[in-house]
>>> print(open('target27.cif').read())   # mmCIF, N, CA and C atoms
data_final
loop_
_atom_site.label_atom_id
_atom_site.label_comp_id
_atom_site.auth_asym_id
_atom_site.auth_seq_id
_atom_site.Cartn_x
_atom_site.Cartn_y
_atom_site.Cartn_z
N LEU H 1 66.77 28.55 -9.47
CA LEU H 1 66.04 27.29 -9.42
C LEU H 1 65.07 27.28 -8.24
N LEU H 2 65.54 27.79 -7.11
CA LEU H 2 64.68 27.84 -5.93
C LEU H 2 63.47 28.73 -6.17
N GLU H 3 63.68 29.86 -6.83
CA GLU H 3 62.57 30.77 -7.13
C GLU H 3 61.57 30.11 -8.07
N ALA H 4 62.03 29.35 -9.03
CA ALA H 4 61.14 28.66 -9.96
C ALA H 4 60.30 27.61 -9.23
N ILE H 5 60.90 26.91 -8.29
CA ILE H 5 60.17 25.90 -7.50
C ILE H 5 59.12 26.57 -6.63
N VAL H 6 59.46 27.69 -6.00
CA VAL H 6 58.50 28.43 -5.17
C VAL H 6 57.36 28.95 -6.03
N ALA H 7 57.67 29.50 -7.20
CA ALA H 7 56.64 30.01 -8.11
C ALA H 7 55.71 28.88 -8.56
N LEU H 8 56.30 27.74 -8.88
CA LEU H 8 55.50 26.58 -9.29
C LEU H 8 54.59 26.12 -8.15
N PHE H 9 55.10 26.14 -6.94
CA PHE H 9 54.30 25.77 -5.76
C PHE H 9 53.13 26.74 -5.57
N VAL H 10 53.38 28.04 -5.71
CA VAL H 10 52.33 29.06 -5.54
C VAL H 10 51.28 28.90 -6.63
N VAL H 11 51.69 28.75 -7.87
CA VAL H 11 50.75 28.58 -8.98
C VAL H 11 49.95 27.30 -8.79
N SER H 12 50.58 26.24 -8.36
CA SER H 12 49.87 24.97 -8.12
C SER H 12 48.83 25.13 -7.02
N ALA H 13 49.16 25.83 -5.97
CA ALA H 13 48.22 26.06 -4.88
C ALA H 13 47.02 26.86 -5.36
N VAL H 14 47.26 27.87 -6.18
CA VAL H 14 46.15 28.68 -6.72
C VAL H 14 45.27 27.83 -7.63
N VAL H 15 45.85 27.02 -8.47
CA VAL H 15 45.08 26.16 -9.38
C VAL H 15 44.26 25.15 -8.58
N ILE H 16 44.83 24.53 -7.58
CA ILE H 16 44.12 23.56 -6.75
C ILE H 16 42.96 24.23 -6.02
N ALA H 17 43.20 25.41 -5.46
CA ALA H 17 42.14 26.14 -4.76
C ALA H 17 41.01 26.51 -5.72
N THR H 18 41.35 26.90 -6.93
CA THR H 18 40.34 27.25 -7.93
C THR H 18 39.50 26.03 -8.31
N VAL H 19 40.14 24.90 -8.52
CA VAL H 19 39.42 23.68 -8.87
C VAL H 19 38.49 23.25 -7.74
N ILE H 20 38.94 23.34 -6.52
CA ILE H 20 38.10 22.98 -5.36
C ILE H 20 36.91 23.92 -5.26
N ALA H 21 37.14 25.21 -5.46
CA ALA H 21 36.05 26.19 -5.40
C ALA H 21 35.04 25.95 -6.51
N MET H 22 35.51 25.61 -7.69
CA MET H 22 34.60 25.35 -8.82
C MET H 22 33.78 24.09 -8.57
N ALA H 23 34.39 23.07 -7.99
CA ALA H 23 33.66 21.83 -7.69
C ALA H 23 32.58 22.09 -6.64
N ALA H 24 32.92 22.85 -5.61
CA ALA H 24 31.94 23.18 -4.58
C ALA H 24 30.82 24.01 -5.17
N SER H 25 31.15 24.92 -6.02
CA SER H 25 30.16 25.77 -6.68
C SER H 25 29.22 24.93 -7.55
N GLN H 26 29.75 23.93 -8.22
CA GLN H 26 28.93 23.04 -9.05
C GLN H 26 27.98 22.22 -8.19
N ARG H 27 28.44 21.73 -7.05
CA ARG H 27 27.57 20.98 -6.14
C ARG H 27 26.44 21.85 -5.63
N ILE H 28 26.76 23.07 -5.26
CA ILE H 28 25.74 24.00 -4.76
C ILE H 28 24.72 24.30 -5.86
N ALA H 29 25.19 24.51 -7.08
CA ALA H 29 24.29 24.79 -8.19
C ALA H 29 23.38 23.59 -8.48
N THR H 30 23.93 22.40 -8.41
CA THR H 30 23.12 21.19 -8.65
C THR H 30 22.04 21.05 -7.60
N ARG H 31 22.37 21.28 -6.36
CA ARG H 31 21.37 21.18 -5.29
C ARG H 31 20.33 22.30 -5.39
N ALA H 32 20.75 23.47 -5.82
CA ALA H 32 19.80 24.57 -6.00
C ALA H 32 18.83 24.25 -7.13
N GLU H 33 19.34 23.68 -8.21
CA GLU H 33 18.47 23.27 -9.32
C GLU H 33 17.48 22.21 -8.86
N GLU H 34 17.95 21.27 -8.04
CA GLU H 34 17.06 20.23 -7.53
C GLU H 34 15.99 20.84 -6.63
N SER H 35 16.36 21.80 -5.81
CA SER H 35 15.38 22.44 -4.93
C SER H 35 14.29 23.14 -5.74
N VAL H 36 14.67 23.80 -6.81
CA VAL H 36 13.69 24.46 -7.67
C VAL H 36 12.79 23.42 -8.33
N ALA H 37 13.37 22.32 -8.80
CA ALA H 37 12.57 21.26 -9.42
C ALA H 37 11.61 20.63 -8.41
N LEU H 38 12.07 20.41 -7.17
CA LEU H 38 11.20 19.86 -6.14
C LEU H 38 10.06 20.82 -5.81
N LEU H 39 10.38 22.10 -5.72
CA LEU H 39 9.34 23.10 -5.46
C LEU H 39 8.30 23.10 -6.57
N ASN H 40 8.73 23.00 -7.82
CA ASN H 40 7.79 22.96 -8.94
C ASN H 40 6.92 21.71 -8.90
N LEU H 41 7.50 20.57 -8.52
CA LEU H 41 6.70 19.35 -8.39
C LEU H 41 5.67 19.47 -7.27
N VAL H 42 6.08 20.02 -6.13
CA VAL H 42 5.15 20.20 -5.01
C VAL H 42 4.03 21.16 -5.41
N ARG H 43 4.39 22.27 -6.02
CA ARG H 43 3.36 23.23 -6.48
C ARG H 43 2.42 22.58 -7.49
N GLY H 44 2.98 21.78 -8.39
CA GLY H 44 2.14 21.09 -9.37
C GLY H 44 1.15 20.14 -8.72
N GLN H 45 1.61 19.39 -7.71
CA GLN H 45 0.72 18.45 -7.02
C GLN H 45 -0.35 19.22 -6.25
N ILE H 46 0.02 20.29 -5.60
CA ILE H 46 -0.96 21.10 -4.87
C ILE H 46 -2.00 21.65 -5.83
N GLU H 47 -1.56 22.17 -6.97
CA GLU H 47 -2.50 22.71 -7.96
C GLU H 47 -3.41 21.62 -8.52
N THR H 48 -2.87 20.43 -8.75
CA THR H 48 -3.68 19.31 -9.23
C THR H 48 -4.76 18.96 -8.21
N ILE H 49 -4.40 18.93 -6.94
CA ILE H 49 -5.38 18.61 -5.89
C ILE H 49 -6.40 19.74 -5.76
N HIS H 50 -5.94 20.99 -5.83
CA HIS H 50 -6.87 22.12 -5.73
C HIS H 50 -7.91 22.10 -6.86
N GLN H 51 -7.49 21.72 -8.05
CA GLN H 51 -8.40 21.72 -9.19
C GLN H 51 -9.35 20.52 -9.20
N SER H 52 -9.03 19.50 -8.43
CA SER H 52 -9.89 18.32 -8.36
C SER H 52 -11.04 18.57 -7.41
N PRO H 53 -12.19 17.93 -7.68
CA PRO H 53 -13.28 18.04 -6.71
C PRO H 53 -12.87 17.36 -5.40
N PHE H 54 -13.49 17.77 -4.32
CA PHE H 54 -13.19 17.22 -3.00
C PHE H 54 -13.45 15.72 -3.01
N LYS H 55 -12.50 14.95 -2.54
CA LYS H 55 -12.64 13.49 -2.44
C LYS H 55 -12.64 13.10 -0.97
N VAL H 56 -13.63 12.31 -0.57
CA VAL H 56 -13.68 11.84 0.81
C VAL H 56 -12.46 10.95 1.07
N ASN H 57 -12.10 10.15 0.07
CA ASN H 57 -10.90 9.32 0.16
C ASN H 57 -9.77 10.07 -0.55
N PRO H 58 -8.86 10.67 0.19
CA PRO H 58 -7.85 11.52 -0.45
C PRO H 58 -6.86 10.78 -1.35
N THR H 59 -6.81 9.46 -1.27
CA THR H 59 -5.93 8.73 -2.18
C THR H 59 -6.46 8.75 -3.61
N GLU H 60 -7.67 9.23 -3.80
CA GLU H 60 -8.26 9.30 -5.14
C GLU H 60 -7.87 10.57 -5.89
N TYR H 61 -7.17 11.50 -5.23
CA TYR H 61 -6.71 12.68 -5.96
C TYR H 61 -5.68 12.24 -6.99
N PRO H 62 -5.69 12.87 -8.17
CA PRO H 62 -4.74 12.44 -9.21
C PRO H 62 -3.31 12.86 -8.86
N PRO H 63 -2.34 12.05 -9.24
CA PRO H 63 -0.94 12.43 -9.01
C PRO H 63 -0.48 13.43 -10.05
N VAL H 64 0.55 14.18 -9.71
CA VAL H 64 1.13 15.13 -10.64
C VAL H 64 1.86 14.35 -11.74
N PRO H 65 1.72 14.77 -13.01
CA PRO H 65 2.41 14.05 -14.09
C PRO H 65 3.88 14.47 -14.21
N ASN H 66 4.61 13.72 -14.99
CA ASN H 66 5.99 14.04 -15.37
C ASN H 66 6.96 14.15 -14.21
N VAL H 67 6.90 13.19 -13.30
CA VAL H 67 7.88 13.13 -12.22
C VAL H 67 9.14 12.46 -12.77
N PRO H 68 10.31 13.07 -12.59
CA PRO H 68 11.53 12.47 -13.12
C PRO H 68 11.78 11.06 -12.55
N VAL H 69 12.43 10.25 -13.34
CA VAL H 69 12.75 8.88 -12.93
C VAL H 69 13.64 8.91 -11.69
N GLY H 70 13.29 8.12 -10.70
CA GLY H 70 14.06 8.06 -9.46
C GLY H 70 13.59 9.05 -8.41
N TRP H 71 12.73 9.96 -8.77
CA TRP H 71 12.16 10.92 -7.82
C TRP H 71 10.78 10.45 -7.43
N ALA H 72 10.22 11.03 -6.37
CA ALA H 72 8.89 10.63 -5.91
C ALA H 72 8.13 11.84 -5.39
N VAL H 73 6.83 11.85 -5.68
CA VAL H 73 5.93 12.85 -5.12
C VAL H 73 4.79 12.08 -4.47
N THR H 74 4.63 12.26 -3.17
CA THR H 74 3.57 11.57 -2.44
C THR H 74 2.76 12.59 -1.66
N PHE H 75 1.55 12.19 -1.30
CA PHE H 75 0.73 13.07 -0.46
C PHE H 75 -0.12 12.23 0.46
N THR H 76 -0.36 12.79 1.63
CA THR H 76 -1.22 12.16 2.62
C THR H 76 -2.24 13.19 3.07
N ALA H 77 -3.36 12.72 3.58
CA ALA H 77 -4.39 13.64 4.05
C ALA H 77 -5.06 13.06 5.28
N ASP H 78 -5.46 13.95 6.15
CA ASP H 78 -6.27 13.53 7.29
C ASP H 78 -7.31 14.61 7.55
N ASP H 79 -8.26 14.30 8.39
CA ASP H 79 -9.35 15.22 8.70
C ASP H 79 -9.14 15.74 10.11
N PRO H 80 -8.51 16.93 10.26
CA PRO H 80 -8.24 17.43 11.60
C PRO H 80 -9.44 18.14 12.23
N GLY H 81 -10.48 18.34 11.45
CA GLY H 81 -11.59 19.15 11.95
C GLY H 81 -12.64 18.34 12.69
N PRO H 82 -13.52 19.04 13.38
CA PRO H 82 -14.62 18.37 14.09
C PRO H 82 -15.71 17.95 13.11
N THR H 83 -16.70 17.24 13.60
CA THR H 83 -17.86 16.88 12.80
C THR H 83 -18.82 18.05 12.82
N TYR H 84 -19.31 18.40 11.65
CA TYR H 84 -20.27 19.49 11.54
C TYR H 84 -21.65 18.90 11.31
N PHE H 85 -22.69 19.69 11.55
CA PHE H 85 -24.05 19.20 11.41
C PHE H 85 -24.87 20.15 10.55
N TYR H 86 -25.66 19.54 9.65
CA TYR H 86 -26.62 20.33 8.88
C TYR H 86 -27.73 20.78 9.83
N ALA H 87 -28.58 21.68 9.33
CA ALA H 87 -29.68 22.20 10.15
C ALA H 87 -30.63 21.10 10.61
N ASP H 88 -30.74 20.03 9.79
CA ASP H 88 -31.64 18.93 10.18
C ASP H 88 -30.97 17.93 11.11
N GLY H 89 -29.71 18.17 11.50
CA GLY H 89 -29.02 17.29 12.43
C GLY H 89 -28.16 16.23 11.78
N THR H 90 -28.15 16.17 10.45
CA THR H 90 -27.32 15.19 9.74
C THR H 90 -25.85 15.56 9.90
N PRO H 91 -25.02 14.60 10.33
CA PRO H 91 -23.60 14.92 10.52
C PRO H 91 -22.86 15.04 9.19
N LEU H 92 -21.90 15.89 9.17
CA LEU H 92 -21.05 16.08 8.00
C LEU H 92 -19.60 15.96 8.50
N THR H 93 -18.95 14.87 8.12
CA THR H 93 -17.56 14.66 8.54
C THR H 93 -16.64 14.86 7.35
N ASN H 94 -15.38 14.88 7.61
CA ASN H 94 -14.36 15.03 6.58
C ASN H 94 -14.60 16.32 5.78
N VAL H 95 -14.76 17.41 6.49
CA VAL H 95 -15.02 18.71 5.87
C VAL H 95 -13.71 19.41 5.51
N VAL H 96 -12.75 19.28 6.37
CA VAL H 96 -11.45 19.92 6.16
C VAL H 96 -10.40 18.81 6.08
N GLN H 97 -9.61 18.85 5.01
CA GLN H 97 -8.51 17.88 4.89
C GLN H 97 -7.19 18.64 5.01
N ARG H 98 -6.34 18.13 5.86
CA ARG H 98 -4.97 18.64 5.94
C ARG H 98 -4.15 17.72 5.04
N ILE H 99 -3.60 18.29 3.98
CA ILE H 99 -2.89 17.49 2.98
C ILE H 99 -1.41 17.87 3.02
N ALA H 100 -0.57 16.87 3.13
CA ALA H 100 0.88 17.06 3.13
C ALA H 100 1.45 16.46 1.85
N VAL H 101 2.12 17.29 1.06
CA VAL H 101 2.74 16.84 -0.18
C VAL H 101 4.24 16.78 0.05
N THR H 102 4.84 15.65 -0.29
CA THR H 102 6.28 15.46 -0.13
C THR H 102 6.90 15.10 -1.47
N ALA H 103 7.96 15.78 -1.83
CA ALA H 103 8.71 15.47 -3.04
C ALA H 103 10.14 15.12 -2.63
N LYS H 104 10.63 14.00 -3.17
CA LYS H 104 11.99 13.56 -2.87
C LYS H 104 12.79 13.49 -4.16
N GLY H 105 13.97 14.08 -4.11
CA GLY H 105 14.88 14.05 -5.25
C GLY H 105 16.10 13.22 -4.95
N ASP H 106 17.16 13.50 -5.68
CA ASP H 106 18.41 12.75 -5.48
C ASP H 106 19.10 13.13 -4.18
N PHE H 107 19.05 14.42 -3.82
CA PHE H 107 19.80 14.90 -2.66
C PHE H 107 18.94 15.43 -1.54
N SER H 108 17.72 15.85 -1.84
CA SER H 108 16.93 16.52 -0.82
C SER H 108 15.46 16.15 -0.90
N GLU H 109 14.72 16.68 0.04
CA GLU H 109 13.30 16.39 0.18
C GLU H 109 12.59 17.69 0.56
N MET H 110 11.36 17.86 0.06
CA MET H 110 10.59 19.06 0.38
C MET H 110 9.18 18.62 0.77
N LYS H 111 8.66 19.21 1.85
CA LYS H 111 7.32 18.87 2.31
C LYS H 111 6.54 20.15 2.55
N VAL H 112 5.31 20.20 2.01
CA VAL H 112 4.44 21.36 2.17
C VAL H 112 3.07 20.85 2.61
N THR H 113 2.48 21.53 3.59
CA THR H 113 1.16 21.17 4.09
C THR H 113 0.18 22.28 3.76
N PHE H 114 -1.02 21.88 3.31
CA PHE H 114 -2.07 22.86 3.03
C PHE H 114 -3.41 22.23 3.38
N TYR H 115 -4.48 22.99 3.24
CA TYR H 115 -5.81 22.53 3.60
C TYR H 115 -6.76 22.61 2.42
N LYS H 116 -7.64 21.64 2.32
CA LYS H 116 -8.70 21.63 1.31
C LYS H 116 -10.02 21.51 2.06
N VAL H 117 -10.97 22.36 1.71
CA VAL H 117 -12.25 22.42 2.42
C VAL H 117 -13.37 21.95 1.49
N ARG H 118 -14.21 21.09 2.01
CA ARG H 118 -15.37 20.64 1.23
C ARG H 118 -16.47 21.66 1.41
N MET H 119 -16.96 22.14 0.29
CA MET H 119 -18.05 23.10 0.34
C MET H 119 -19.38 22.35 0.19
N PRO H 120 -20.34 22.64 1.06
CA PRO H 120 -21.63 21.93 0.98
C PRO H 120 -22.41 22.29 -0.26
#
>>> encode(input="target27.cif", output="structure tokens")
Amino acid sequence: LLEAIVALFVVSAVVIATVIAMAASQRIATRAEESVALLNLVRGQIETIHQSPFKVNPTEYPPVPNVPVGWAVTFTADDPGPTYFYADGTPLTNVVQRIAVTAKGDFSEMKVTFYKVRMP
């Protein structure tokens, strides 16, 4: 009887450890899937902005389509560069935009910064 109780205890411990490991593995897989989805959303927004003509007002860039419900993709832009001048002395501002794209999911957030240059 004592041996049966010990065997039952050992088997129970193995089963509990297996269930805990599987649950942790599932959480890791879910977060990895979310990270891939966030990366795809960020890449999509960057590609959408790259394909758009340069906008002096960066809020006019189109948003990426098909964002899952409850998730968000936002972007901000500023002009970190100096003012440039044409040969005739006319100033040209907002030549370089530093654009930060942020995607937020259920568990994590991803932010990527890139630059867009206005060509004269």
>>> residues_around(input="target27.cif", residues="stretch 67-71 of chain H", least_positions_apart="6", cutoff="8 Å", atoms="only N, CA and C atoms", output="ChimeraX atom specification")
/H:41,103-106
>>> select_by_dssp(input="target27.cif", residues="chain H", states="helix (DSSP H, G or I)", output="ChimeraX atom specification")
/H:2-51,58-60
>>> resolve_selection(input="target27.cif", expression="the PyMOL selection byres ((chain H and resi 99) around 6.5)", output="PyMOL selection string")
chain H and resi 75-78+97-98+100-101+112-116
>>> atom_distance(input="target27.cif", atom1="atom CA of H:Thr59", atom2="atom N of H:Glu109")
22.2 Å
>>> closest_residue(input="target27.cif", among="H:Val64, H:Ala32, H:Leu92, H:Ala13", to="H:Glu47", atoms="only C-alpha atoms")
H:Val64
>>> axis_aligned_box(input="target27.cif", around="stretch 38-49 of chain H", padding_each_side="6 Å", output="AutoDock Vina command-line options")
--center_x 2.8 --center_y 20.8 --center_z -7.1 --size_x 30.5 --size_y 16.8 --size_z 16.5
>>> resolve_selection(input="target27.cif", expression="the PyMOL selection byres (((chain H and resi 42 and name CA) around 8) and name CA)", output="PyMOL selection string")
chain H and resi 38-41+43-46+73+101-103+110-112
>>> atom_distance(input="target27.cif", atom1="atom C of H:Asn66", atom2="atom C of H:Val36")
12.4 Å
>>> atom_distance(input="target27.cif", atom1="atom C of H:Gln51", atom2="atom C of H:Asn94")
16.4 Å
>>> select_by_dssp(input="target27.cif", residues="chain H", states="strand (DSSP E or B)", output="list in words")
Ala72, Val73, Thr74, Phe75, Thr76, Ala77, Asp78, Tyr84, Phe85, Pro91, Leu92, Val96, Gln97, Arg98, Ile99, Ala100, Val101, Thr102, Ala103, Lys104, Glu109, Met110, Lys111, Val112, Thr113, Phe114, Tyr115, Lys116 and Val117 of chain H
>>> resolve_selection(input="target27.cif", expression="the PyMOL selection byres (((chain H and resi 82 and name CA) around 10) and name CA)", output="ChimeraX atom specification")
/H:79-81,83-85,92-96
>>> closest_residue(input="target27.cif", among="H:Val19, H:Met119, H:Thr48, H:Val14", to="H:Pro65", atoms="only C-alpha atoms")
H:Thr48
>>> closest_residue(input="target27.cif", among="H:Gly89, H:Ala7, H:Lys55, H:Pro63", to="H:Val117", atoms="only C-alpha atoms")
H:Lys55
>>> decode(input="target27.cif", residues="stretch 57-117 of chain H", atoms="C-alpha atoms", output="PDB file, in the first residue's frame")
ATOM      1  CA  ASN H  57       1.828  67.377 -42.327  1.00  0.00           C
ATOM      2  CA  PRO H  58       2.730  63.801 -41.357  1.00  0.00           C
ATOM      3  CA  THR H  59      -0.727  63.105 -39.918  1.00  0.00           C
ATOM      4  CA  GLU H  60      -1.927  62.964 -43.531  1.00  0.00           C
ATOM      5  CA  TYR H  61      -0.094  59.694 -44.212  1.00  0.00           C
ATOM      6  CA  PRO H  62      -2.604  56.856 -44.611  1.00  0.00           C
ATOM      7  CA  PRO H  63      -2.939  54.342 -41.777  1.00  0.00           C
ATOM      8  CA  VAL H  64      -2.207  50.673 -42.305  1.00  0.00           C
ATOM      9  CA  PRO H  65      -5.400  48.671 -42.982  1.00  0.00           C
ATOM     10  CA  ASN H  66      -6.659  45.572 -41.184  1.00  0.00           C
ATOM     11  CA  VAL H  67      -5.539  46.304 -37.634  1.00  0.00           C
ATOM     12  CA  PRO H  68      -7.055  43.686 -35.300  1.00  0.00           C
ATOM     13  CA  VAL H  69      -9.785  44.846 -32.929  1.00  0.00           C
ATOM     14  CA  GLY H  70      -8.316  46.077 -29.653  1.00  0.00           C
ATOM     15  CA  TRP H  71      -4.874  46.673 -31.162  1.00  0.00           C
ATOM     16  CA  ALA H  72      -3.475  50.031 -32.264  1.00  0.00           C
ATOM     17  CA  VAL H  73      -0.928  51.286 -34.776  1.00  0.00           C
ATOM     18  CA  THR H  74       0.115  54.915 -34.397  1.00  0.00           C
ATOM     19  CA  PHE H  75       2.860  57.047 -35.843  1.00  0.00           C
ATOM     20  CA  THR H  76       4.401  60.395 -35.081  1.00  0.00           C
ATOM     21  CA  ALA H  77       6.822  62.501 -37.083  1.00  0.00           C
ATOM     22  CA  ASP H  78       9.058  65.448 -36.488  1.00  0.00           C
ATOM     23  CA  ASP H  79      11.607  67.379 -38.515  1.00  0.00           C
ATOM     24  CA  PRO H  80      15.015  66.861 -36.887  1.00  0.00           C
ATOM     25  CA  GLY H  81      16.936  68.435 -39.739  1.00  0.00           C
ATOM     26  CA  PRO H  82      18.096  71.989 -40.348  1.00  0.00           C
ATOM     27  CA  THR H  83      16.523  74.386 -42.830  1.00  0.00           C
ATOM     28  CA  TYR H  84      17.968  74.047 -46.304  1.00  0.00           C
ATOM     29  CA  PHE H  85      18.111  76.750 -48.963  1.00  0.00           C
ATOM     30  CA  TYR H  86      17.639  76.685 -52.707  1.00  0.00           C
ATOM     31  CA  ALA H  87      20.238  78.424 -54.881  1.00  0.00           C
ATOM     32  CA  ASP H  88      18.026  81.523 -54.991  1.00  0.00           C
ATOM     33  CA  GLY H  89      17.933  81.696 -51.171  1.00  0.00           C
ATOM     34  CA  THR H  90      14.405  80.311 -50.723  1.00  0.00           C
ATOM     35  CA  PRO H  91      14.263  78.271 -47.506  1.00  0.00           C
ATOM     36  CA  LEU H  92      13.199  74.653 -47.600  1.00  0.00           C
ATOM     37  CA  THR H  93      12.066  73.261 -44.250  1.00  0.00           C
ATOM     38  CA  ASN H  94      10.693  69.889 -43.261  1.00  0.00           C
ATOM     39  CA  VAL H  95      13.087  68.049 -45.569  1.00  0.00           C
ATOM     40  CA  VAL H  96      13.759  65.086 -43.316  1.00  0.00           C
ATOM     41  CA  GLN H  97      11.054  63.509 -41.179  1.00  0.00           C
ATOM     42  CA  ARG H  98      11.876  61.183 -38.333  1.00  0.00           C
ATOM     43  CA  ILE H  99       8.858  58.894 -38.128  1.00  0.00           C
ATOM     44  CA  ALA H 100       8.179  56.593 -35.187  1.00  0.00           C
ATOM     45  CA  VAL H 101       5.648  53.793 -35.709  1.00  0.00           C
ATOM     46  CA  THR H 102       4.222  52.112 -32.617  1.00  0.00           C
ATOM     47  CA  ALA H 103       2.056  48.995 -32.589  1.00  0.00           C
ATOM     48  CA  LYS H 104       0.338  47.829 -29.410  1.00  0.00           C
ATOM     49  CA  GLY H 105      -1.179  44.399 -28.935  1.00  0.00           C
ATOM     50  CA  ASP H 106      -2.727  42.542 -26.045  1.00  0.00           C
ATOM     51  CA  PHE H 107       0.543  41.825 -24.237  1.00  0.00           C
ATOM     52  CA  SER H 108       3.302  43.854 -25.839  1.00  0.00           C
ATOM     53  CA  GLU H 109       4.281  46.923 -27.798  1.00  0.00           C
ATOM     54  CA  MET H 110       6.746  47.481 -30.638  1.00  0.00           C
ATOM     55  CA  LYS H 111       8.241  50.783 -31.771  1.00  0.00           C
ATOM     56  CA  VAL H 112      10.368  51.385 -34.879  1.00  0.00           C
ATOM     57  CA  THR H 113      11.859  54.695 -36.017  1.00  0.00           C
ATOM     58  CA  PHE H 114      12.832  55.508 -39.596  1.00  0.00           C
ATOM     59  CA  TYR H 115      13.401  58.551 -41.801  1.00  0.00           C
ATOM     60  CA  LYS H 116      11.589  59.886 -44.852  1.00  0.00           C
ATOM     61  CA  VAL H 117      13.327  62.465 -47.044  1.00  0.00           C
TER      62      VAL H 117
END
